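One structure is given below, encoded as structure tokens.
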Amino acid sequence: MVTAAGDRSAAATLAKAAHENFPVAPRFLPRAWRDDLMAVYGFARLVDDIGDGDLPPGGADATLLGVDRDRSDDRLALLDALTADLDRVFAATGPGPGHPLLAGLVPTVRRADLTPEPFRALIEANRVDQRVRRYETQSQLLDYCELSANPVGRLVLAVTGTATPERIRRSDAICTALQLVEHLQDVAEDLARGRVYLPATALRRFRVTERDLAQPTANASVRTLVAYQTERARRLLDEGAPLVGSVSGRLRLLLAGFLGGGYAAAHAIAQAGYDVLAGPPRASRARLAYEAATALRQRGT
């Protein structure tokens, strides 16, 4: 039975959708798609909140997952329990999932015939976060994005019944770019958590130290590094852009929103002079709308 505390926990998790770089489930989509995308988002947000230690205080989520409250700060234990609850989503028989966000996922899984692999990848990404705090190369960082970001785009295509190998490839490029841009926006926040999502090879190339990243504002070397990484993300967005033109109707609008959100975030970083340490550069609504419209008009062909 879902408790009031469980409902509040789920609502708080879903409320974070308004603060993402892209529209999660805009109202122009058919109701069934909106419901399914919010169910997927709720799961993904819950996984990240567990991995980042951002669950609401009180241990309600731990209890819902069957973890003792005195272990509610044990992230690996929570991720293991979440995996077990995910198994119950896909089980043909037996008790249903205990957490309301996973219980809400059941109709989506059935309706769209989803497989557990993308969901498991998102959990594994957060397990990686518990043991890996630095990445030596860009290739290693992209491998992490394969777990942490790309499954979301693949789930969007699966929910809307539009997945093909080529669309998945384009989607992966966009999702990886969105993850890289988010890493750039959150350099200071991630460092405070003990994590650096800038490749060590790039840090050495531009002679940037972690002490430089801990400053209140970025020096010239940090700005140059951020500009370099931002351009890498833009190239991935360009690679993924034809995905928009490969679909039609409302899905095309949604994907243009995802793509436009990436371009808008990259633009915000550039507008800040690539100083991501003074505060996370965020795009305005006007810029988001402009970039989404541009994606439809120029990049969606």
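Scheme for the structure tokens: letters A, B, ... for chains in order shown; per-chain residue numbers from 1; ligand numbers from 1 in order shown.
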Compile the contact shell of Ile123 (chain A) as a PDB file with N, CA and C atoms, in the first residue's frame: residues with an atom at most 9 Å away, counting only C-alpha atoms, same-chain residues fewer than 6 positions apart removed.
ATOM      1  N   ALA A  44      14.071   7.778 -13.518  1.00  0.00           N
ATOM      2  CA  ALA A  44      15.419   8.295 -13.733  1.00  0.00           C
ATOM      3  C   ALA A  44      15.812   9.302 -12.656  1.00  0.00           C
ATOM      4  N   VAL A  47      16.582   7.474  -9.360  1.00  0.00           N
ATOM      5  CA  VAL A  47      17.901   6.852  -9.396  1.00  0.00           C
ATOM      6  C   VAL A  47      18.989   7.888  -9.137  1.00  0.00           C
ATOM      7  N   ASP A  48      18.888   9.023  -9.820  1.00  0.00           N
ATOM      8  CA  ASP A  48      19.905  10.064  -9.638  1.00  0.00           C
ATOM      9  C   ASP A  48      19.897  10.626  -8.224  1.00  0.00           C
ATOM     10  N   GLY A  51      21.702   8.202  -6.070  1.00  0.00           N
ATOM     11  CA  GLY A  51      23.131   8.239  -6.321  1.00  0.00           C
ATOM     12  C   GLY A  51      23.808   9.492  -5.817  1.00  0.00           C
ATOM     13  N   LEU A  79      20.467   1.477  -4.026  1.00  0.00           N
ATOM     14  CA  LEU A  79      20.495   1.120  -5.447  1.00  0.00           C
ATOM     15  C   LEU A  79      20.228  -0.374  -5.641  1.00  0.00           C
ATOM     16  N   ASP A  80      20.752  -1.190  -4.740  1.00  0.00           N
ATOM     17  CA  ASP A  80      20.460  -2.626  -4.806  1.00  0.00           C
ATOM     18  C   ASP A  80      18.971  -2.888  -4.594  1.00  0.00           C
ATOM     19  N   LEU A  82      16.589  -0.780  -5.160  1.00  0.00           N
ATOM     20  CA  LEU A  82      15.884  -0.261  -6.335  1.00  0.00           C
ATOM     21  C   LEU A  82      15.929  -1.270  -7.477  1.00  0.00           C
ATOM     22  N   THR A  83      17.061  -1.932  -7.648  1.00  0.00           N
ATOM     23  CA  THR A  83      17.169  -2.976  -8.664  1.00  0.00           C
ATOM     24  C   THR A  83      16.172  -4.093  -8.406  1.00  0.00           C
ATOM     25  N   LEU A 147      25.793   4.950 -20.109  1.00  0.00           N
ATOM     26  CA  LEU A 147      24.961   4.423 -19.028  1.00  0.00           C
ATOM     27  C   LEU A 147      24.025   5.477 -18.448  1.00  0.00           C
ATOM     28  N   SER A 148      24.539   6.685 -18.283  1.00  0.00           N
ATOM     29  CA  SER A 148      23.828   7.702 -17.502  1.00  0.00           C
ATOM     30  C   SER A 148      22.837   8.525 -18.315  1.00  0.00           C
TER      31      SER A 148
END
Fewer than 6 positions away in the same chain doesn't count, so skip those; otherwise give me all residues within 7 Å of region 200-211 of chain A, counting only C-alpha atoms, as a PDB file with N, CA, C and O atoms, in the first residue's frame.
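Printed below is result10.pdb as written:
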ATOM      1  N   TYR A 135      37.684  10.867 -14.387  1.00  0.00           N
ATOM      2  CA  TYR A 135      37.780  10.173 -15.665  1.00  0.00           C
ATOM      3  C   TYR A 135      39.059  10.609 -16.363  1.00  0.00           C
ATOM      4  O   TYR A 135      39.314  11.802 -16.523  1.00  0.00           O
ATOM      5  N   GLU A 136      39.854   9.632 -16.779  1.00  0.00           N
ATOM      6  CA  GLU A 136      41.145   9.935 -17.376  1.00  0.00           C
ATOM      7  C   GLU A 136      41.001  10.484 -18.789  1.00  0.00           C
ATOM      8  O   GLU A 136      41.684  11.431 -19.167  1.00  0.00           O
ATOM      9  N   THR A 137      40.095   9.918 -19.575  1.00  0.00           N
ATOM     10  CA  THR A 137      39.982  10.291 -20.979  1.00  0.00           C
ATOM     11  C   THR A 137      38.543  10.643 -21.344  1.00  0.00           C
ATOM     12  O   THR A 137      37.590  10.285 -20.632  1.00  0.00           O
ATOM     13  N   SER A 221      42.546  29.753 -18.244  1.00  0.00           N
ATOM     14  CA  SER A 221      42.757  28.352 -18.616  1.00  0.00           C
ATOM     15  C   SER A 221      41.473  27.539 -18.462  1.00  0.00           C
ATOM     16  O   SER A 221      41.135  26.710 -19.317  1.00  0.00           O
ATOM     17  N   VAL A 222      40.764  27.776 -17.370  1.00  0.00           N
ATOM     18  CA  VAL A 222      39.502  27.063 -17.155  1.00  0.00           C
ATOM     19  C   VAL A 222      38.502  27.428 -18.240  1.00  0.00           C
ATOM     20  O   VAL A 222      37.816  26.558 -18.801  1.00  0.00           O
ATOM     21  N   LEU A 225      39.309  25.634 -21.433  1.00  0.00           N
ATOM     22  CA  LEU A 225      38.927  24.226 -21.325  1.00  0.00           C
ATOM     23  C   LEU A 225      37.420  24.058 -21.480  1.00  0.00           C
ATOM     24  O   LEU A 225      36.949  23.176 -22.215  1.00  0.00           O
TER      25      LEU A 225
END
* To do: Please identify all polymer residues within 9 Å of Pro151 (chain A), counting only C-alpha atoms, omitting same-chain residues fewer than 3 positions from it, and present them as a PyMOL selection string.
  => chain A and resi 117-119+121-122+146-148+154-156+172+175
Produce a table with one row for each residue of region 219-261 of chain A that has an atom at most 6 Å from any atom of region 276-292 of chain A, each row naming the nearest atom pair and its distance in Å at one decimal; use only C-alpha atoms; arrange rows by chain and rising residue number; format as a Markdown table.
| residue | atom | partner | partner_atom | distance |
| --- | --- | --- | --- | --- |
| A:Ala256 | CA | A:Ala292 | CA | 5.1 |
| A:Gly257 | CA | A:Ala292 | CA | 5.1 |
| A:Gly260 | CA | A:Ala292 | CA | 4.2 |
| A:Gly261 | CA | A:Leu288 | CA | 5.7 |
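Those residues of region 81-117 of chain A that DSSP, working from the backbone, places in alpha helix (DSSP H) are Ala81, Leu82, Thr83, Ala84, Asp85, Leu86, Asp87, Arg88, Val89, Phe90, Pro100, Leu101, Leu102, Ala103, Leu105, Val106, Pro107, Thr108, Val109, Arg110, Arg111, Ala112 and Glu117 of chain A.
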Convert the current residue selection to file output with C-alpha atoms, as an mmCIF file, in the first residue's frame.
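Wrote result-v7.cif, looks like this:
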data_model
loop_
_atom_site.group_PDB
_atom_site.id
_atom_site.type_symbol
_atom_site.label_atom_id
_atom_site.label_comp_id
_atom_site.auth_asym_id
_atom_site.auth_seq_id
_atom_site.Cartn_x
_atom_site.Cartn_y
_atom_site.Cartn_z
ATOM 1 C CA ALA A 81 16.970 -2.357 -3.355
ATOM 2 C CA LEU A 82 15.884 -0.261 -6.335
ATOM 3 C CA THR A 83 17.169 -2.976 -8.664
ATOM 4 C CA ALA A 84 15.087 -5.533 -6.794
ATOM 5 C CA ASP A 85 12.024 -3.287 -7.053
ATOM 6 C CA LEU A 86 12.699 -2.845 -10.778
ATOM 7 C CA ASP A 87 12.722 -6.628 -11.156
ATOM 8 C CA ARG A 88 9.223 -6.634 -9.681
ATOM 9 C CA VAL A 89 8.112 -4.182 -12.398
ATOM 10 C CA PHE A 90 9.031 -6.730 -15.060
ATOM 11 C CA PRO A 100 5.141 4.445 -6.030
ATOM 12 C CA LEU A 101 7.405 5.707 -8.814
ATOM 13 C CA LEU A 102 8.111 2.119 -9.851
ATOM 14 C CA ALA A 103 4.504 1.091 -9.411
ATOM 15 C CA LEU A 105 6.125 2.547 -14.258
ATOM 16 C CA VAL A 106 4.281 -0.763 -14.636
ATOM 17 C CA PRO A 107 1.549 0.476 -17.039
ATOM 18 C CA THR A 108 4.195 2.182 -19.192
ATOM 19 C CA VAL A 109 6.311 -0.968 -19.392
ATOM 20 C CA ARG A 110 3.283 -3.011 -20.390
ATOM 21 C CA ARG A 111 1.884 -0.486 -22.874
ATOM 22 C CA ALA A 112 5.185 0.188 -24.664
ATOM 23 C CA GLU A 117 18.061 -2.943 -19.883
#
* **Test item: residues at most 8 Å from region 157-167 of chain A, only C-alpha atoms, excluding those fewer than 2 positions along its chain, as a ChimeraX atom specification** => /A:33,36-37,108,112,114,153-155,169-171,243,246-247,251
* Asked: If we count only C-alpha atoms, what is near region 227-236 of chain A at a cut-off of 7 Å, once residues fewer than 6 positions away on the same chain are taken out, given as a ChimeraX atom specification?
  -> /A:173-174,177,180-181,263,266,274
Would you write out those residues with all heavy atoms, as a short mmCIF file (atom, residue, chain, number, x, y, z; two decimals), in the first residue's frame?
data_model
loop_
_atom_site.label_atom_id
_atom_site.label_comp_id
_atom_site.auth_asym_id
_atom_site.auth_seq_id
_atom_site.Cartn_x
_atom_site.Cartn_y
_atom_site.Cartn_z
N ALA A 173 23.71 10.50 -29.55
CA ALA A 173 24.56 11.68 -29.69
C ALA A 173 23.97 12.87 -28.94
O ALA A 173 24.67 13.60 -28.23
CB ALA A 173 24.75 12.01 -31.17
N ILE A 174 22.66 13.06 -29.08
CA ILE A 174 22.00 14.19 -28.40
C ILE A 174 22.06 14.00 -26.89
O ILE A 174 22.38 14.94 -26.14
CB ILE A 174 20.55 14.33 -28.88
CG1 ILE A 174 20.51 14.76 -30.35
CG2 ILE A 174 19.79 15.35 -28.01
CD1 ILE A 174 19.11 14.75 -30.95
N ALA A 177 25.46 14.61 -25.51
CA ALA A 177 25.73 16.04 -25.51
C ALA A 177 25.03 16.75 -24.35
O ALA A 177 25.62 17.60 -23.68
CB ALA A 177 25.28 16.66 -26.84
N LEU A 180 27.00 16.05 -21.24
CA LEU A 180 28.26 16.79 -21.20
C LEU A 180 28.02 18.26 -20.85
O LEU A 180 28.77 18.86 -20.07
CB LEU A 180 28.99 16.68 -22.54
CG LEU A 180 29.49 15.28 -22.92
CD1 LEU A 180 30.14 15.31 -24.30
CD2 LEU A 180 30.46 14.74 -21.88
N VAL A 181 26.97 18.84 -21.44
CA VAL A 181 26.66 20.24 -21.14
C VAL A 181 26.26 20.40 -19.68
O VAL A 181 26.67 21.35 -19.01
CB VAL A 181 25.54 20.75 -22.08
CG1 VAL A 181 25.01 22.10 -21.60
CG2 VAL A 181 26.04 20.87 -23.51
N TYR A 263 21.32 23.05 -27.26
CA TYR A 263 21.95 24.22 -27.88
C TYR A 263 21.80 25.46 -27.00
O TYR A 263 22.72 26.28 -26.88
CB TYR A 263 21.32 24.49 -29.24
CG TYR A 263 21.83 23.61 -30.36
CD1 TYR A 263 21.00 22.69 -30.99
CD2 TYR A 263 23.15 23.69 -30.80
CE1 TYR A 263 21.45 21.88 -32.03
CE2 TYR A 263 23.62 22.89 -31.83
CZ TYR A 263 22.77 21.99 -32.44
OH TYR A 263 23.23 21.17 -33.46
N ALA A 266 24.29 25.26 -24.14
CA ALA A 266 25.64 25.56 -24.63
C ALA A 266 25.80 27.05 -24.89
O ALA A 266 26.85 27.64 -24.60
CB ALA A 266 25.91 24.76 -25.91
N TYR A 274 32.17 31.42 -20.61
CA TYR A 274 32.67 30.10 -20.23
C TYR A 274 33.12 30.06 -18.76
O TYR A 274 33.86 29.17 -18.37
CB TYR A 274 33.80 29.65 -21.16
CG TYR A 274 33.34 29.57 -22.60
CD1 TYR A 274 33.67 30.57 -23.52
CD2 TYR A 274 32.55 28.52 -23.02
CE1 TYR A 274 33.23 30.50 -24.83
CE2 TYR A 274 32.11 28.44 -24.34
CZ TYR A 274 32.45 29.45 -25.23
OH TYR A 274 32.01 29.38 -26.53
#
Please report, as a tab-separated table, each residue of region 50-154 of chain A lying at most 9 Å from region 184-194 of chain A, together with the nearest pair of atoms and the separation in Å rounded to one decimal; use only C-alpha atoms, and order rows by chain and ascending residue number.
residue	atom	partner	partner_atom	distance
A:Asp52	CA	A:Arg193	CA	8.2
A:Arg133	CA	A:Gly194	CA	6.6
A:Arg134	CA	A:Gly194	CA	8.9
Please, could you write that set of residues out with N, CA and C atoms as a tab-separated table (two decimals), in the first residue's frame?
chain	number	residue	atom	x	y	z
A	52	ASP	N	23.08	10.62	-5.83
A	52	ASP	CA	23.65	11.89	-5.39
A	52	ASP	C	23.41	12.17	-3.91
A	133	ARG	N	35.34	8.69	-9.33
A	133	ARG	CA	35.22	10.13	-9.08
A	133	ARG	C	35.94	10.98	-10.12
A	134	ARG	N	36.77	10.36	-10.95
A	134	ARG	CA	37.53	11.06	-11.98
A	134	ARG	C	37.56	10.20	-13.24
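Restricting the calculation to only C-alpha atoms, the smallest distance between Gln138 (chain A) and any of A:Ser248, A:Asp212, A:Leu198, A:Leu178 is found for A:Leu198.
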* Asked: Neighbours of region 63-73 of chain A within 9 Å (only C-alpha atoms; same-chain residues fewer than 5 positions away dropped), as JSON, numbers by chain?
  -> {"A": [2, 3, 6, 50, 53, 55, 57, 58, 78, 81, 82, 84, 85, 97, 98, 99, 100]}
Store the residues of this selection in a file with N, CA, C and O atoms, as a short mmCIF file (atom, residue, chain, number, x, y, z; two decimals), in the first residue's frame.
data_model
loop_
_atom_site.label_atom_id
_atom_site.label_comp_id
_atom_site.auth_asym_id
_atom_site.auth_seq_id
_atom_site.Cartn_x
_atom_site.Cartn_y
_atom_site.Cartn_z
N VAL A 2 0.58 2.19 -0.89
CA VAL A 2 1.34 3.43 -0.96
C VAL A 2 0.90 4.37 0.15
O VAL A 2 -0.30 4.63 0.31
N THR A 3 1.83 4.87 0.92
CA THR A 3 1.52 5.76 2.02
C THR A 3 1.50 7.21 1.56
O THR A 3 1.95 7.54 0.46
N GLY A 6 4.88 8.26 0.88
CA GLY A 6 5.33 7.80 -0.42
C GLY A 6 4.82 8.68 -1.54
O GLY A 6 5.54 9.00 -2.48
N ILE A 50 19.07 9.08 -5.52
CA ILE A 50 19.73 8.10 -4.66
C ILE A 50 21.23 8.20 -4.82
O ILE A 50 21.99 8.28 -3.84
N GLY A 53 22.66 11.31 -3.24
CA GLY A 53 22.33 11.57 -1.84
C GLY A 53 21.34 12.70 -1.67
O GLY A 53 21.38 13.41 -0.66
N LEU A 55 17.88 12.43 -1.74
CA LEU A 55 16.52 12.04 -1.35
C LEU A 55 16.01 12.94 -0.23
O LEU A 55 16.80 13.44 0.58
N PRO A 57 14.74 14.11 3.32
CA PRO A 57 15.10 13.56 4.63
C PRO A 57 13.94 12.76 5.23
O PRO A 57 12.79 12.94 4.86
N GLY A 58 14.28 11.91 6.14
CA GLY A 58 13.27 11.13 6.84
C GLY A 58 13.26 9.66 6.51
O GLY A 58 12.67 8.85 7.24
N LEU A 78 20.61 1.23 -1.24
CA LEU A 78 19.38 1.73 -1.87
C LEU A 78 19.33 1.38 -3.35
O LEU A 78 18.27 1.02 -3.88
N ALA A 81 18.40 -2.18 -3.63
CA ALA A 81 16.97 -2.36 -3.35
C ALA A 81 16.13 -1.85 -4.53
O ALA A 81 15.09 -2.43 -4.87
N LEU A 82 16.59 -0.78 -5.16
CA LEU A 82 15.88 -0.26 -6.33
C LEU A 82 15.93 -1.27 -7.48
O LEU A 82 14.94 -1.46 -8.19
N ALA A 84 16.05 -4.49 -7.15
CA ALA A 84 15.09 -5.53 -6.79
C ALA A 84 13.66 -5.08 -7.07
O ALA A 84 12.82 -5.86 -7.56
N ASP A 85 13.36 -3.81 -6.78
CA ASP A 85 12.02 -3.29 -7.05
C ASP A 85 11.78 -3.20 -8.56
O ASP A 85 10.66 -3.43 -9.03
N PRO A 97 5.93 -3.73 -7.35
CA PRO A 97 6.96 -2.88 -6.75
C PRO A 97 6.43 -2.11 -5.56
O PRO A 97 5.25 -1.76 -5.50
N GLY A 98 7.34 -1.82 -4.61
CA GLY A 98 6.93 -1.14 -3.39
C GLY A 98 6.97 0.36 -3.49
O GLY A 98 6.25 1.06 -2.78
N HIS A 99 7.83 0.91 -4.34
CA HIS A 99 7.94 2.36 -4.45
C HIS A 99 6.92 2.88 -5.45
O HIS A 99 6.76 2.32 -6.54
N PRO A 100 6.20 3.96 -5.12
CA PRO A 100 5.14 4.44 -6.03
C PRO A 100 5.65 4.84 -7.41
O PRO A 100 4.93 4.71 -8.40
#
* List the neighbours of Asp35 (chain A) out to 10 Å using only C-alpha atoms; skip same-chain residues closer than 4 positions along the sequence, and give me the result as a PyMOL selection string. => chain A and resi 25+29-31+39-41+104-105+107-108
Output of the above residues as a JSON list (two decimals), in the first residue's frame, restricted to C-alpha atoms:
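As a result, again.json now contains:
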[["chain", "number", "residue", "atom", "x", "y", "z"],
["A", 25, "ALA", "CA", 6.59, 15.82, -21.05],
["A", 29, "LEU", "CA", 1.86, 15.49, -26.39],
["A", 30, "PRO", "CA", -0.92, 12.89, -26.29],
["A", 31, "ARG", "CA", -1.94, 12.12, -22.72],
["A", 39, "ALA", "CA", 6.84, 7.63, -15.42],
["A", 40, "VAL", "CA", 10.23, 7.15, -17.10],
["A", 41, "TYR", "CA", 11.42, 10.53, -15.82],
["A", 104, "GLY", "CA", 3.65, 3.95, -11.77],
["A", 105, "LEU", "CA", 6.13, 2.55, -14.26],
["A", 107, "PRO", "CA", 1.55, 0.48, -17.04],
["A", 108, "THR", "CA", 4.20, 2.18, -19.19]]
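Relative to CA of Leu141 (chain A), CA of Ile168 (chain A) is found at 19.2 Å.
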